[in-house]
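Data file: upload.txt. Format and content: compact mmCIF, C-alpha atoms and all ligand atoms.
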```txt
# COMPACT_ATOMS: atom_id res chain seq x y z
CA MET R 1 29.74 5.97 -11.19
CA ALA R 2 26.14 6.95 -10.93
CA ARG R 3 24.56 8.20 -7.75
CA PRO R 4 24.29 4.97 -5.80
CA ILE R 5 20.72 5.03 -4.49
CA VAL R 6 18.45 2.26 -5.76
CA ALA R 7 15.24 0.55 -4.68
CA ASP R 8 15.63 -3.18 -5.12
CA ILE R 9 12.25 -4.80 -5.65
CA ASP R 10 12.06 -8.53 -4.92
CA LEU R 11 9.16 -9.87 -6.95
CA ASP R 12 9.51 -13.36 -5.49
CA ALA R 13 8.88 -11.85 -2.06
CA LEU R 14 5.79 -10.13 -3.48
CA ARG R 15 4.53 -13.46 -4.78
CA ARG R 16 5.20 -15.15 -1.44
CA ASN R 17 3.32 -12.46 0.46
CA TYR R 18 0.42 -12.75 -1.97
CA SER R 19 0.40 -16.54 -1.48
CA LEU R 20 0.29 -15.98 2.25
CA ALA R 21 -2.79 -13.78 1.87
CA GLN R 22 -4.35 -16.61 -0.13
CA THR R 23 -3.36 -19.23 2.43
CA LEU R 24 -4.85 -17.21 5.26
CA ALA R 25 -8.13 -16.92 3.37
CA PRO R 26 -8.37 -20.02 1.18
CA ASN R 27 -12.03 -19.44 0.40
CA SER R 28 -11.51 -15.84 -0.68
CA GLN R 29 -10.33 -14.29 -3.89
CA ALA R 30 -7.66 -11.75 -3.06
CA ILE R 31 -7.81 -8.58 -5.15
CA ALA R 32 -4.23 -7.31 -5.11
CA VAL R 33 -4.23 -3.61 -4.27
CA ILE R 34 -1.62 -1.92 -6.44
CA LYS R 35 -2.73 1.72 -6.24
CA ALA R 36 -0.18 4.51 -5.89
CA ASP R 37 2.21 2.69 -8.21
CA ALA R 38 1.92 -0.45 -6.09
CA TYR R 39 2.76 1.50 -2.93
CA GLY R 40 5.89 2.80 -4.63
CA HIS R 41 7.04 -0.57 -5.98
CA GLY R 42 5.97 -0.11 -9.60
CA ALA R 43 2.41 -1.09 -10.51
CA VAL R 44 3.12 -2.61 -13.90
CA ALA R 45 5.98 -4.78 -12.68
CA CYS R 46 4.00 -5.90 -9.63
CA ALA R 47 0.88 -6.65 -11.66
CA LYS R 48 2.91 -8.69 -14.10
CA ALA R 49 4.58 -10.55 -11.26
CA LEU R 50 1.19 -11.43 -9.77
CA SER R 51 -0.64 -12.01 -13.01
CA HIS R 52 -0.64 -15.80 -12.63
CA GLN R 53 -1.96 -15.62 -9.07
CA ALA R 54 -4.25 -12.64 -8.65
CA PRO R 55 -7.77 -12.78 -10.09
CA ALA R 56 -8.06 -8.98 -10.04
CA PHE R 57 -6.24 -5.78 -9.12
CA ALA R 58 -7.37 -2.58 -7.43
CA VAL R 59 -6.25 0.99 -8.10
CA ALA R 60 -7.39 4.50 -7.24
CA SER R 61 -7.99 6.04 -10.64
CA LEU R 62 -8.71 5.53 -14.29
CA GLU R 63 -5.20 6.74 -15.09
CA GLU R 64 -3.70 4.00 -12.94
CA ALA R 65 -5.95 1.40 -14.58
CA ARG R 66 -5.13 2.65 -18.07
CA ALA R 67 -1.40 2.23 -17.44
CA LEU R 68 -2.00 -1.41 -16.50
CA ARG R 69 -4.10 -2.06 -19.61
CA GLU R 70 -1.40 -0.45 -21.75
CA ALA R 71 1.01 -2.94 -20.22
CA ALA R 72 -1.32 -5.78 -21.29
CA ILE R 73 -2.65 -6.63 -17.84
CA ARG R 74 -5.90 -8.46 -18.59
CA GLN R 75 -7.46 -9.08 -15.17
CA PRO R 76 -10.41 -7.07 -13.96
CA ILE R 77 -9.22 -3.86 -12.30
CA LEU R 78 -11.29 -2.34 -9.52
CA LEU R 79 -11.49 1.44 -9.21
CA LEU R 80 -11.59 1.85 -5.42
CA GLU R 81 -13.23 5.27 -5.58
CA GLY R 82 -15.11 4.63 -8.81
CA ILE R 83 -15.43 7.41 -11.33
CA PHE R 84 -14.59 11.02 -10.55
CA GLU R 85 -16.82 12.40 -13.29
CA PRO R 86 -19.56 10.86 -15.46
CA MET R 87 -17.57 10.99 -18.69
CA GLU R 88 -15.16 8.42 -17.27
CA LEU R 89 -17.79 5.71 -17.64
CA ALA R 90 -17.05 5.20 -21.32
CA GLU R 91 -13.46 4.26 -20.56
CA VAL R 92 -14.45 2.20 -17.55
CA GLU R 93 -16.47 0.17 -20.00
CA SER R 94 -13.94 0.03 -22.82
CA LEU R 95 -11.15 -1.03 -20.43
CA GLY R 96 -13.38 -3.60 -18.73
CA LEU R 97 -12.98 -2.11 -15.26
CA TRP R 98 -14.90 -2.78 -12.08
CA GLN R 99 -16.16 0.29 -10.27
CA VAL R 100 -16.98 1.22 -6.73
CA VAL R 101 -20.15 3.29 -6.42
CA HIS R 102 -20.14 5.35 -3.24
CA SER R 103 -22.40 8.34 -4.01
CA ASP R 104 -25.77 9.08 -5.52
CA TRP R 105 -24.25 11.17 -8.28
CA GLN R 106 -22.37 8.07 -9.44
CA ILE R 107 -25.60 6.08 -9.47
CA GLU R 108 -27.28 8.77 -11.54
CA ALA R 109 -24.34 8.80 -13.95
CA LEU R 110 -24.60 5.05 -14.31
CA MET R 111 -28.34 5.21 -14.88
CA ALA R 112 -27.81 7.82 -17.59
CA TYR R 113 -25.19 5.66 -19.32
CA ARG R 114 -25.94 2.86 -21.75
CA PRO R 115 -23.20 0.23 -21.74
CA ALA R 116 -23.07 -2.33 -24.53
CA ALA R 117 -22.98 -5.00 -21.84
CA PRO R 118 -23.83 -4.66 -18.14
CA MET R 119 -20.99 -3.81 -15.76
CA THR R 120 -19.61 -5.01 -12.42
CA VAL R 121 -20.40 -2.68 -9.55
CA TRP R 122 -19.15 -2.68 -5.95
CA LEU R 123 -21.62 -0.68 -3.88
CA LYS R 124 -19.87 0.99 -0.99
CA LEU R 125 -21.27 0.74 2.49
CA ASP R 126 -20.18 3.32 5.03
CA SER R 127 -20.09 0.91 7.94
CA GLY R 128 -18.66 3.54 10.28
CA MET R 129 -15.45 4.98 8.91
CA HIS R 130 -17.44 7.94 7.53
CA ARG R 131 -15.29 8.42 4.52
CA LEU R 132 -16.97 6.93 1.44
CA GLY R 133 -20.23 5.09 1.00
CA PHE R 134 -23.87 4.87 1.93
CA ALA R 135 -24.96 4.66 5.53
CA PRO R 136 -26.52 1.34 6.57
CA SER R 137 -29.99 2.90 6.59
CA ALA R 138 -29.55 4.18 3.02
CA PHE R 139 -27.79 1.18 1.56
CA ALA R 140 -30.58 -1.27 0.79
CA ALA R 141 -32.51 1.19 -1.39
CA ARG R 142 -29.43 1.76 -3.59
CA TRP R 143 -28.72 -1.94 -3.67
CA HIS R 144 -32.21 -2.78 -4.92
CA ARG R 145 -32.15 0.01 -7.48
CA LEU R 146 -28.88 -1.22 -8.97
CA LYS R 147 -30.04 -4.84 -8.82
CA ALA R 148 -33.04 -3.88 -10.91
CA ALA R 149 -30.90 -2.04 -13.50
CA LYS R 150 -30.11 -5.19 -15.41
CA GLU R 151 -28.92 -3.53 -18.63
CA ARG R 152 -26.34 -1.60 -16.64
CA VAL R 153 -25.31 -3.84 -13.77
CA ARG R 154 -24.52 -7.51 -14.13
CA ASP R 155 -22.67 -8.29 -10.90
CA LEU R 156 -23.33 -6.33 -7.75
CA HIS R 157 -21.22 -6.71 -4.60
CA LEU R 158 -21.06 -5.03 -1.21
CA ILE R 159 -17.76 -3.33 -0.39
CA SER R 160 -16.80 -1.56 2.83
CA HIS R 161 -13.65 -0.40 4.58
CA PHE R 162 -12.47 -0.71 8.20
CA ALA R 163 -11.10 2.21 10.18
CA SER R 164 -9.46 0.12 12.88
CA ALA R 165 -8.92 -3.48 11.87
CA ASP R 166 -5.33 -3.16 13.02
CA HIS R 167 -5.73 -3.72 16.74
CA LEU R 168 -7.65 -6.60 18.15
CA ASP R 169 -9.76 -4.97 20.85
CA SER R 170 -11.25 -2.19 18.76
CA PRO R 171 -14.94 -1.55 19.53
CA GLN R 172 -15.11 0.44 16.29
CA PHE R 173 -14.11 -2.64 14.36
CA ALA R 174 -16.78 -4.69 16.07
CA ALA R 175 -19.47 -2.13 15.28
CA GLN R 176 -18.39 -1.89 11.65
CA TRP R 177 -18.33 -5.64 11.21
CA GLN R 178 -21.79 -5.95 12.72
CA ALA R 179 -23.19 -3.35 10.31
CA ILE R 180 -21.61 -5.17 7.38
CA ASP R 181 -22.70 -8.63 8.48
CA THR R 182 -26.28 -7.53 9.05
CA LEU R 183 -26.61 -6.15 5.53
CA ARG R 184 -24.76 -9.04 4.03
CA GLN R 185 -27.33 -11.41 5.49
CA SER R 186 -30.42 -9.38 4.74
CA LEU R 187 -29.36 -8.74 1.12
CA GLY R 188 -27.64 -12.06 0.49
CA ALA R 189 -24.70 -9.99 -0.77
CA SER R 190 -21.25 -11.14 -1.69
CA ILE R 191 -18.85 -8.89 0.17
CA CYS R 192 -15.32 -7.53 0.00
CA VAL R 193 -14.18 -5.93 3.24
CA ALA R 194 -10.85 -7.33 4.41
CA ASN R 195 -7.86 -5.08 3.91
CA SER R 196 -4.42 -6.30 5.05
CA PRO R 197 -4.97 -6.05 8.81
CA ALA R 198 -8.31 -7.83 8.56
CA THR R 199 -6.85 -10.48 6.27
CA LEU R 200 -4.13 -11.04 8.86
CA ILE R 201 -6.11 -11.14 12.11
CA ARG R 202 -9.88 -11.06 11.44
CA PRO R 203 -10.91 -14.46 10.12
CA PRO R 204 -14.66 -13.75 9.95
CA THR R 205 -14.10 -10.90 7.50
CA ARG R 206 -12.31 -13.12 5.00
CA ALA R 207 -15.22 -13.35 2.61
CA ALA R 208 -15.77 -14.10 -1.07
CA TRP R 209 -13.32 -11.32 -1.83
CA ASN R 210 -10.49 -9.62 0.08
CA ARG R 211 -8.39 -6.54 -0.68
CA PRO R 212 -4.89 -6.90 0.73
CA GLY R 213 -2.51 -4.05 -0.01
CA ILE R 214 0.37 -3.25 2.30
CA MET R 215 0.94 -6.85 3.41
CA LEU R 216 1.80 -7.78 -0.18
CA TYR R 217 4.79 -5.48 0.10
CA GLY R 218 5.94 -7.01 3.37
CA SER R 219 5.04 -4.24 5.79
CA ASN R 220 3.16 -5.08 8.97
CA PRO R 221 0.01 -2.97 9.27
CA LEU R 222 -0.89 -4.14 12.77
CA GLN R 223 -0.40 -2.19 15.95
CA GLY R 224 2.02 -4.65 17.45
CA ASN R 225 3.71 -7.74 16.14
CA LEU R 226 2.41 -10.14 13.56
CA PRO R 227 1.09 -13.43 14.92
CA ASP R 228 3.99 -15.89 15.31
CA SER R 229 2.82 -18.08 12.46
CA ILE R 230 2.87 -15.24 9.94
CA GLU R 231 5.97 -13.99 8.23
CA LEU R 232 5.98 -11.25 5.63
CA ALA R 233 8.97 -10.73 3.36
CA PRO R 234 10.12 -7.20 2.59
CA VAL R 235 9.73 -6.48 -1.12
CA MET R 236 11.56 -3.16 -1.36
CA THR R 237 15.08 -2.69 -0.08
CA LEU R 238 16.23 0.91 -0.37
CA ARG R 239 19.99 0.92 -0.80
CA SER R 240 22.73 3.45 -1.24
CA ARG R 241 26.36 3.93 -0.26
CA LEU R 242 28.61 6.14 1.81
CA ILE R 243 30.01 8.88 -0.39
CA ALA R 244 32.15 10.64 2.23
CA VAL R 245 33.40 10.26 5.80
CA GLN R 246 34.04 13.04 8.31
CA SER R 247 36.18 12.66 11.40
CA LEU R 248 34.99 15.06 14.05
CA SER R 249 36.23 15.96 17.49
CA ALA R 250 33.78 16.07 20.39
CA GLY R 251 31.25 18.89 20.41
CA GLN R 252 30.85 19.35 16.64
CA PRO R 253 27.42 19.93 15.05
CA VAL R 254 26.30 17.90 12.04
CA GLY R 255 23.90 18.99 9.32
CA TYR R 256 21.29 21.74 9.01
CA GLY R 257 20.60 23.62 12.18
CA GLY R 258 23.23 21.62 14.04
CA ARG R 259 20.48 19.45 15.49
CA TRP R 260 22.97 16.81 16.56
CA ARG R 261 26.38 17.33 18.13
CA SER R 262 29.14 14.78 18.64
CA ALA R 263 29.61 13.80 22.28
CA ARG R 264 32.96 12.16 21.55
CA PRO R 265 35.42 11.96 18.70
CA THR R 266 33.14 10.68 15.96
CA ARG R 267 33.23 9.30 12.43
CA ILE R 268 30.31 10.49 10.36
CA GLY R 269 29.30 8.64 7.21
CA VAL R 270 27.53 10.64 4.52
CA VAL R 271 24.89 8.57 2.68
CA ALA R 272 23.61 9.44 -0.80
CA ALA R 273 19.91 9.46 0.17
CA GLY R 274 17.68 12.28 1.31
CA TYR R 275 14.16 13.59 1.37
CA GLY R 276 14.52 14.33 -2.34
CA ASP R 277 14.48 10.55 -2.73
CA GLY R 278 11.63 10.05 -0.31
CA TYR R 279 13.60 9.34 2.85
CA ASP R 280 11.56 11.05 5.55
CA ARG R 281 12.96 14.33 6.84
CA HIS R 282 11.23 13.61 10.14
CA ALA R 283 13.70 10.80 10.88
CA ALA R 284 14.92 11.38 14.41
CA ASP R 285 18.47 11.06 15.68
CA GLY R 286 18.92 7.36 16.34
CA THR R 287 16.86 6.12 13.39
CA PRO R 288 18.53 2.82 12.45
CA VAL R 289 20.50 2.53 9.21
CA LEU R 290 22.51 -0.48 8.08
CA VAL R 291 26.09 0.17 6.98
CA ASP R 292 27.80 -2.95 5.64
CA GLY R 293 24.90 -4.85 7.18
CA ARG R 294 25.41 -3.42 10.68
CA ARG R 295 23.20 -1.01 12.50
CA CYS R 296 24.23 2.53 13.19
CA PRO R 297 22.24 5.60 14.13
CA LEU R 298 21.19 8.40 11.83
CA VAL R 299 22.42 11.69 13.28
CA GLY R 300 21.50 15.22 12.27
CA ARG R 301 18.76 16.41 9.97
CA VAL R 302 18.09 14.64 6.70
CA SER R 303 19.02 16.84 3.73
CA MET R 304 17.50 16.71 0.25
CA ASP R 305 20.17 14.45 -1.24
CA MET R 306 22.14 13.22 1.74
CA LEU R 307 21.85 12.01 5.28
CA THR R 308 24.43 11.36 7.95
CA VAL R 309 25.11 8.41 10.23
CA ASP R 310 27.44 7.85 13.16
CA ILE R 311 29.84 5.09 12.10
CA SER R 312 32.23 5.46 15.03
CA ASP R 313 31.53 1.88 16.07
CA LEU R 314 32.14 0.52 12.56
CA PRO R 315 35.87 1.04 12.02
CA ASP R 316 35.86 -0.84 8.71
CA ALA R 317 33.15 1.32 7.19
CA GLY R 318 34.25 3.96 4.73
CA VAL R 319 33.55 5.55 1.38
CA GLY R 320 31.75 3.02 -0.79
CA SER R 321 30.31 1.03 2.11
CA GLU R 322 26.89 -0.41 1.36
CA VAL R 323 23.96 1.21 3.10
CA THR R 324 20.47 -0.18 3.61
CA LEU R 325 17.87 2.42 4.54
CA TRP R 326 15.08 -0.14 4.91
CA GLY R 327 14.08 -3.55 3.64
CA ASP R 328 16.28 -6.61 3.88
CA GLY R 329 17.51 -6.76 7.50
CA LEU R 330 15.80 -3.53 8.56
CA PRO R 331 11.98 -3.50 8.56
CA VAL R 332 10.50 -0.38 7.01
CA ASP R 333 8.04 -0.31 9.91
CA GLU R 334 10.90 0.13 12.36
CA VAL R 335 12.27 3.06 10.40
CA ALA R 336 8.76 4.51 10.15
CA ALA R 337 8.36 4.44 13.92
CA HIS R 338 11.41 6.71 14.22
CA CYS R 339 9.84 9.08 11.68
CA ASP R 340 6.53 9.25 13.53
CA THR R 341 4.79 7.66 10.56
CA ILE R 342 3.87 4.28 9.09
CA GLY R 343 5.47 1.98 6.53
CA TYR R 344 2.82 2.96 3.97
CA THR R 345 4.07 6.54 3.69
CA LEU R 346 7.74 5.61 3.43
CA LEU R 347 7.11 3.05 0.69
CA THR R 348 4.70 5.18 -1.35
CA GLY R 349 6.96 8.18 -0.82
CA VAL R 350 9.97 6.84 -2.73
CA LEU R 351 10.32 9.39 -5.49
CA PRO R 352 10.71 8.77 -9.22
CA ARG R 353 14.38 9.71 -9.29
CA VAL R 354 15.19 6.55 -7.34
CA PRO R 355 15.70 3.80 -9.91
CA ARG R 356 13.76 0.60 -9.25
CA ARG R 357 15.76 -2.56 -9.88
CA TYR R 358 13.66 -5.70 -10.20
CA GLN R 359 14.60 -9.19 -9.14
CA GLY R 360 12.52 -12.23 -9.89
CA GLN R 361 11.05 -10.97 -13.15
CA ARG R 362 9.82 -13.87 -15.23
C1 LIG T 1 -5.71 1.04 0.08
C2 LIG T 1 -6.97 0.30 0.27
C3 LIG T 1 -6.95 -1.05 0.63
C4 LIG T 1 -5.70 -1.79 1.00
O1 LIG T 1 -5.39 -1.48 2.34
P1 LIG T 1 -4.12 -2.09 3.08
O2 LIG T 1 -4.22 -1.58 4.45
O3 LIG T 1 -2.93 -1.56 2.35
O4 LIG T 1 -4.23 -3.55 2.96
C5 LIG T 1 -8.15 -1.70 0.70
N1 LIG T 1 -9.30 -1.06 0.44
C6 LIG T 1 -9.36 0.24 0.11
C7 LIG T 1 -10.66 0.89 -0.13
C8 LIG T 1 -8.19 0.97 0.03
O5 LIG T 1 -8.25 2.26 -0.28
```

Rewrite the coordinates I just gave you, this time as C-alpha cells.
Ligand SMILES: *Cc1c(COP(=O)(O)O)cnc(C)c1O
Amino acid sequence: MARPIVADIDLDALRRNYSLAQTLAPNSQAIAVIKADAYGHGAVACAKALSHQAPAFAVASLEEARALREAAIRQPILLLEGIFEPMELAEVESLGLWQVVHSDWQIEALMAYRPAAPMTVWLKLDSGMHRLGFAPSAFAARWHRLKAAKERVRDLHLISHFASADHLDSPQFAAQWQAIDTLRQSLGASICVANSPATLIRPPTRAAWNRPGIMLYGSNPLQGNLPDSIELAPVMTLRSRLIAVQSLSAGQPVGYGGRWRSARPTRIGVVAAGYGDGYDRHAADGTPVLVDGRRCPLVGRVSMDMLTVDISDLPDAGVGSEVTLWGDGLPVDEVAAHCDTIGYTLLTGVLPRVPRRYQGQR
C-alpha cells in the first residue's frame, strides 16, 4: 500500500463557497483568487470547477496565468502584482491577461509598448497598507495619464487592498476605505477592493468587483467567528492513517528532543504526515487531530514524515485507523491557532508530494 497521506479536494464545496461570495455581494462580480496553486488546492482543477460561475480569476504571476491558459481556461486572468519586467507585456497581451499597475516603471513600460488592441488595467491605490500602489495624492495623475492612453488602455479600474478588514473595529480599515471612496467618487472609478474578510463583513466595499480568496476554500479569515448566517465549507481535507502504535509506561519521552513525556501509561499513534508534507512543525502539544473521527491531541514534535498522537482514550484505534489532520470535522483555522499561524499558511503549505484527490469534478 502506498503512503496513506492524501489531500481530498471537494470541488462542490468550492462552488458553494463561491456562490456564497456571490450571494453576499449580488451586485458585484467576484474575481476568484486562485494564486499559489489555488491556496494549495490545485489552480487548474479549481479554475475548471469554477469556470461556469466566475467571470475572472486572479493569480500572482505570468507563470501561474500561463498554466491556466494551457489548461484551456478562457476567462480573463488578473495579475495581482502586474508585470515583473517590461518584456512580460507581450505575453500579457497574447494570453489576454488583466494587469495591475502599481509603480511608475510599469506605466513607463506600458507607454513604451504597442499592443494590437488596448488592454485592461487595474491601477493600484495604496490606501494605507503601504505595500503596493500609488499614494492617494499621486493617484489621480496616473489615472488621467492612463485614461488618455487610448491605444494602450481600454478599461481602467481602481484596485486597492485592505490591511485590516478582518476585525470590525479597525480604525485602519476606516481610514483606508475613506481614501478609496474619496477617489472613487472624484474619478468616477469602478473599483475592486473587497478581499474575503471585506466580502464577508464590510458591505459598503462590495463594489463592481470583489476579490475573494481564502473564503472560497472554506477558511475563516476573520478575527473571531463568522456571522451566524454565514457558513463556509472546508474544501481540503488532509487525511492519512496510523502506521504504528506504541504502548508506553508513564514518564516516557516521545519524538525529537523528548518535548513531550507520558504522564500515565499511554498509547501513541504514529501518523504518516509530517512537515515534509506541509504539516506545520510549530504544532504544539495538544493540537487536535481526528483519529477515526474522534479528537485526540498531537504530542511531541512533528517530524518530517510522521507525527504522533495520544490515542489512550481511543481504545479501538490502531494501525490503519483513519486520521484527519484538518478539513472535514476539524477546521483548518483551529489547527492553525495551535501552530501560531493562520489557515492560509497551512493550506498553501501542503507540499507537492501529497497527492490531491478531487471530488465533484464535472
Ligand atoms: C491574495 C489576495 C487577495 C485575496 O485575499 P483573501 O484574504 O484570501 O481573500 C485579494 N487581493 C490581493 C491583492 C491579494 O494578494

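Compared by their closest atoms to ligand LIG 1 (chain T), and using all atoms listed in the file, the residues R:Gly343, R:Gly188, R:Pro297, R:Pro171 rank with R:Gly343 nearest.
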
Which of R:Thr266, R:Thr348, R:Ser219, R:Ser190 sits closest to Val245 (chain R) [using all atoms listed in the file]: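 Using all atoms listed in the file, Val245 (chain R) sits closest to R:Thr266.
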
Of R:Ala337, R:Val101, R:Val121, R:Ala244, the one nearest to Asn220 (chain R) when counting all atoms listed in the file is R:Ala337

Students should find that CA of Ala189 (chain R) and CA of Trp209 (chain R) are spaced 11.5 Å

7 Å shell around ligand LIG 1 (chain T) using all atoms listed in the file, listed as an MDAnalysis selection string: chainID R and resid 33 80 161 195:197 211:215 221

Generate the output file for the selected residues, C-alpha atoms, as an mmCIF file, in the frame of the given file.
```cif
data_model
loop_
_atom_site.group_PDB
_atom_site.id
_atom_site.type_symbol
_atom_site.label_atom_id
_atom_site.label_comp_id
_atom_site.auth_asym_id
_atom_site.auth_seq_id
_atom_site.Cartn_x
_atom_site.Cartn_y
_atom_site.Cartn_z
ATOM 1 C CA VAL R 33 -4.230 -3.610 -4.270
ATOM 2 C CA LEU R 80 -11.590 1.850 -5.420
ATOM 3 C CA HIS R 161 -13.650 -0.400 4.580
ATOM 4 C CA ASN R 195 -7.860 -5.080 3.910
ATOM 5 C CA SER R 196 -4.420 -6.300 5.050
ATOM 6 C CA PRO R 197 -4.970 -6.050 8.810
ATOM 7 C CA ARG R 211 -8.390 -6.540 -0.680
ATOM 8 C CA PRO R 212 -4.890 -6.900 0.730
ATOM 9 C CA GLY R 213 -2.510 -4.050 -0.010
ATOM 10 C CA ILE R 214 0.370 -3.250 2.300
ATOM 11 C CA MET R 215 0.940 -6.850 3.410
ATOM 12 C CA PRO R 221 0.010 -2.970 9.270
#
```

Region 246-254 of chain R rebuilt with all heavy atoms, output as an mmCIF file, keeping the file's coordinate frame:
```cif
data_model
loop_
_atom_site.group_PDB
_atom_site.id
_atom_site.type_symbol
_atom_site.label_atom_id
_atom_site.label_comp_id
_atom_site.auth_asym_id
_atom_site.auth_seq_id
_atom_site.Cartn_x
_atom_site.Cartn_y
_atom_site.Cartn_z
ATOM 1 N N GLN R 246 33.493 11.905 7.558
ATOM 2 C CA GLN R 246 34.040 13.040 8.310
ATOM 3 C C GLN R 246 34.537 12.529 9.658
ATOM 4 O O GLN R 246 33.830 11.751 10.313
ATOM 5 C CB GLN R 246 32.935 14.059 8.611
ATOM 6 C CG GLN R 246 32.304 14.702 7.416
ATOM 7 C CD GLN R 246 33.086 15.916 6.957
ATOM 8 O OE1 GLN R 246 34.022 16.357 7.634
ATOM 9 N NE2 GLN R 246 32.721 16.437 5.811
ATOM 10 N N SER R 247 35.711 12.970 10.049
ATOM 11 C CA SER R 247 36.180 12.660 11.400
ATOM 12 C C SER R 247 36.081 13.931 12.230
ATOM 13 O O SER R 247 36.720 14.939 11.912
ATOM 14 C CB SER R 247 37.632 12.173 11.361
ATOM 15 O OG SER R 247 37.680 10.925 10.706
ATOM 16 N N LEU R 248 35.264 13.862 13.244
ATOM 17 C CA LEU R 248 34.990 15.060 14.050
ATOM 18 C C LEU R 248 35.504 14.877 15.464
ATOM 19 O O LEU R 248 35.479 13.772 16.007
ATOM 20 C CB LEU R 248 33.479 15.323 14.106
ATOM 21 C CG LEU R 248 32.739 15.485 12.779
ATOM 22 C CD1 LEU R 248 31.252 15.748 13.038
ATOM 23 C CD2 LEU R 248 33.341 16.623 11.955
ATOM 24 N N SER R 249 35.922 15.986 16.059
ATOM 25 C CA SER R 249 36.230 15.960 17.490
ATOM 26 C C SER R 249 34.919 16.071 18.268
ATOM 27 O O SER R 249 33.848 16.270 17.678
ATOM 28 C CB SER R 249 37.146 17.142 17.834
ATOM 29 O OG SER R 249 36.535 18.339 17.407
ATOM 30 N N ALA R 250 34.988 15.942 19.569
ATOM 31 C CA ALA R 250 33.780 16.070 20.390
ATOM 32 C C ALA R 250 33.229 17.485 20.291
ATOM 33 O O ALA R 250 33.980 18.455 20.129
ATOM 34 C CB ALA R 250 34.105 15.729 21.842
ATOM 35 N N GLY R 251 31.883 17.580 20.350
ATOM 36 C CA GLY R 251 31.250 18.890 20.410
ATOM 37 C C GLY R 251 30.972 19.539 19.071
ATOM 38 O O GLY R 251 30.614 20.709 19.016
ATOM 39 N N GLN R 252 31.072 18.766 17.969
ATOM 40 C CA GLN R 252 30.850 19.350 16.640
ATOM 41 C C GLN R 252 29.413 19.100 16.175
ATOM 42 O O GLN R 252 28.887 17.989 16.293
ATOM 43 C CB GLN R 252 31.818 18.739 15.619
ATOM 44 C CG GLN R 252 33.269 19.031 15.920
ATOM 45 C CD GLN R 252 33.553 20.523 15.961
ATOM 46 O OE1 GLN R 252 33.169 21.273 15.067
ATOM 47 N NE2 GLN R 252 34.196 20.970 17.040
ATOM 48 N N PRO R 253 28.777 20.123 15.594
ATOM 49 C CA PRO R 253 27.420 19.930 15.050
ATOM 50 C C PRO R 253 27.483 19.276 13.677
ATOM 51 O O PRO R 253 28.452 19.425 12.957
ATOM 52 C CB PRO R 253 26.898 21.367 14.932
ATOM 53 C CG PRO R 253 28.131 22.193 14.686
ATOM 54 C CD PRO R 253 29.276 21.507 15.414
ATOM 55 N N VAL R 254 26.393 18.573 13.346
ATOM 56 C CA VAL R 254 26.300 17.900 12.040
ATOM 57 C C VAL R 254 24.975 18.293 11.374
ATOM 58 O O VAL R 254 23.910 18.184 11.974
ATOM 59 C CB VAL R 254 26.364 16.360 12.213
ATOM 60 C CG1 VAL R 254 26.045 15.653 10.892
ATOM 61 C CG2 VAL R 254 27.733 15.933 12.720
#
```
